[in-house]
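Down below is the structure, laid out as structure tokens.
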Amino acid sequence: VMGNIFLGIYTTELILRLYALRCQAFRSFWVFLDISVIGSGILEVVLQAFSATDVLPDTGMLKLLRMARLARTVRFLGLFPSLRRIISGFASAMMAMCWGGLAIVAMLLTFSIFAVEIVHPASQKMPHNNTFCKEAFSSVEMSLLFLVQNIIIADSWGEC
């Protein structure tokens, strides 16, 4: 019920904005975003009315489109310079974390290749009770799994 009330409020806001700005309204990306979000909301309401008779499929995917309403809050970043700097700092930190994660993956992959070439022959000569330990360095994928489990997750540390 509250979703329909908010949909009515958003629809009224969009109609008033289109009436006030007329053709200039269509120069803004945010108006097109609002039109698509409100259109999907109206389509969802109509489909739910028809799906009560089990004629049409579930409308769950349209609810994901309504999440685009959260993008409307991005508009307010331009109004507050300090908030914009904070968000920019978060974005820079996320970029640095992504590059750091990529560097860790590259290092683990390199060590996995070395483990297959160097450790696997020596590992085959040792007696193992665990089948995972016998196959841990047999391929790059298994070696990478072993290194991730032991170094990053610290699971089964010292079993092999």
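Ligands are numbered from 1 in the order shown, chains are lettered A, B, ... in the order of the structure tokens, and residues start at 1 in each chain.
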Leu147 of chain A: which residues within 9 Å, counting only C-alpha atoms, same-chain residues fewer than 5 positions away excluded, as a PyMOL selection string? chain A and resi 108+111-112+142+152-153
Write a file of the selected residues as a compact mmCIF listing (two decimals), in the first residue's frame, keeping all heavy atoms.
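And here's selection-v9.txt as it stands now:
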# COMPACT_ATOMS: atom_id res chain seq x y z
N LEU A 108 49.15 -14.63 -5.85
CA LEU A 108 48.73 -15.99 -5.54
C LEU A 108 48.77 -16.88 -6.77
O LEU A 108 49.16 -18.05 -6.69
CB LEU A 108 47.32 -15.98 -4.94
CG LEU A 108 47.21 -15.54 -3.49
CD1 LEU A 108 45.75 -15.43 -3.08
CD2 LEU A 108 47.94 -16.50 -2.58
N PHE A 111 52.46 -17.73 -7.42
CA PHE A 111 52.93 -18.75 -6.48
C PHE A 111 52.28 -20.10 -6.75
O PHE A 111 52.89 -21.14 -6.50
CB PHE A 111 52.71 -18.30 -5.04
CG PHE A 111 53.70 -17.27 -4.57
CD1 PHE A 111 53.27 -16.04 -4.13
CD2 PHE A 111 55.06 -17.54 -4.58
CE1 PHE A 111 54.17 -15.08 -3.70
CE2 PHE A 111 55.98 -16.60 -4.16
CZ PHE A 111 55.54 -15.36 -3.72
N SER A 112 51.06 -20.09 -7.25
CA SER A 112 50.40 -21.35 -7.60
C SER A 112 51.12 -22.03 -8.76
O SER A 112 51.30 -23.25 -8.75
CB SER A 112 48.94 -21.11 -7.98
OG SER A 112 48.23 -20.63 -6.88
N MET A 142 43.98 -26.13 -8.28
CA MET A 142 44.03 -26.76 -6.95
C MET A 142 45.06 -26.07 -6.06
O MET A 142 44.84 -25.88 -4.87
CB MET A 142 44.35 -28.25 -7.08
CG MET A 142 43.23 -29.06 -7.70
SD MET A 142 41.72 -29.06 -6.73
CE MET A 142 42.25 -29.99 -5.30
N ILE A 152 44.80 -16.84 2.96
CA ILE A 152 43.81 -15.78 3.11
C ILE A 152 42.75 -16.16 4.14
O ILE A 152 42.44 -15.40 5.05
CB ILE A 152 43.17 -15.44 1.75
CG1 ILE A 152 44.23 -14.86 0.84
CG2 ILE A 152 42.02 -14.46 1.92
CD1 ILE A 152 43.76 -14.51 -0.52
N ILE A 153 42.21 -17.35 4.02
CA ILE A 153 41.11 -17.75 4.91
C ILE A 153 41.64 -18.38 6.21
O ILE A 153 40.95 -18.36 7.21
CB ILE A 153 40.17 -18.73 4.17
CG1 ILE A 153 39.63 -18.08 2.91
CG2 ILE A 153 39.01 -19.17 5.05
CD1 ILE A 153 38.82 -18.98 2.04
May I have the residues within 7 Å of Val116 of chain A as a PyMOL selection string, using only C-alpha atoms and disregarding those fewer than 2 positions away in the same chain? chain A and resi 112-114+118-120+137-140+143
Residues near segment 19-32 of chain A, cut-off 12 Å, only C-alpha atoms, skip fewer than 5 positions along chain, as a PyMOL selection string: chain A and resi 10-14+37-39+68-76
For the alpha helix (DSSP H) assignment from backbone DSSP, which residues of chain A qualify? Please present them as JSON, numbers by chain. {"A": [2, 3, 4, 5, 6, 7, 8, 9, 10, 11, 12, 13, 14, 15, 16, 17, 18, 19, 20, 21, 29, 30, 31, 32, 33, 34, 35, 36, 37, 38, 39, 40, 41, 42, 43, 44, 45, 46, 47, 48, 49, 50, 51, 60, 61, 62, 63, 64, 65, 81, 82, 83, 84, 85, 86, 87, 88, 89, 90, 91, 92, 93, 94, 95, 96, 97, 98, 99, 100, 101, 102, 103, 104, 105, 106, 107, 108, 109, 110, 111, 112, 113, 114, 120, 121, 122, 123, 124, 125, 131, 132, 133, 134, 135, 140, 141, 142, 143, 144, 145, 146, 147]}
Would you mind reading off the distance between atom CA of Asn4 of chain A and atom CA of Gln48 of chain A, one decimal, in Å?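 It comes out at 11.8 Å.
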For Asn129 of chain A, find every residue with an atom within 12 Å (counting only C-alpha atoms), except residues of its own chain fewer than 5 positions away, and show them as a list in words.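 My list of contacting residues is Lys134, Glu135, Glu159 and Cys160 of chain A.
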Output the selection as a short mmCIF file (atom, residue, chain, number, x, y, z; two decimals), in the first residue's frame - N, CA and C atoms for each residue.
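As written to disk, part.cif reads:
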data_model
loop_
_atom_site.label_atom_id
_atom_site.label_comp_id
_atom_site.auth_asym_id
_atom_site.auth_seq_id
_atom_site.Cartn_x
_atom_site.Cartn_y
_atom_site.Cartn_z
N LYS A 134 47.32 -34.91 -1.55
CA LYS A 134 47.96 -35.51 -2.72
C LYS A 134 47.69 -34.70 -3.98
N GLU A 135 46.50 -34.12 -4.05
CA GLU A 135 46.09 -33.39 -5.24
C GLU A 135 46.22 -31.88 -5.10
N GLU A 159 47.57 -28.78 7.52
CA GLU A 159 47.11 -30.15 7.31
C GLU A 159 47.97 -30.89 6.28
N CYS A 160 48.48 -30.19 5.30
CA CYS A 160 49.26 -30.87 4.26
C CYS A 160 50.74 -30.68 4.51
#
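With only C-alpha atoms as the basis for measurement, A:Val105 is the residue among A:Val105, A:Ile42, A:Met97, A:Asp34 that approaches Val148 of chain A most closely.
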re atom CA of Leu33 of chain A and atom CA of Leu79 of chain A: distance 19.3 Å
Can you tell me how far atom CA of His128 of chain A sits from atom CA of Ala115 of chain A, in Å to one decimal?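 Atom CA of Ala115 of chain A lies at a distance of 17.1 Å from atom CA of His128 of chain A.
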Restricting the calculation to only C-alpha atoms: of A:Met67, A:Met107, A:Val1, A:Met61, which residue gets closest to Leu144 of chain A?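 Closest residue, counting only C-alpha atoms: A:Met107.
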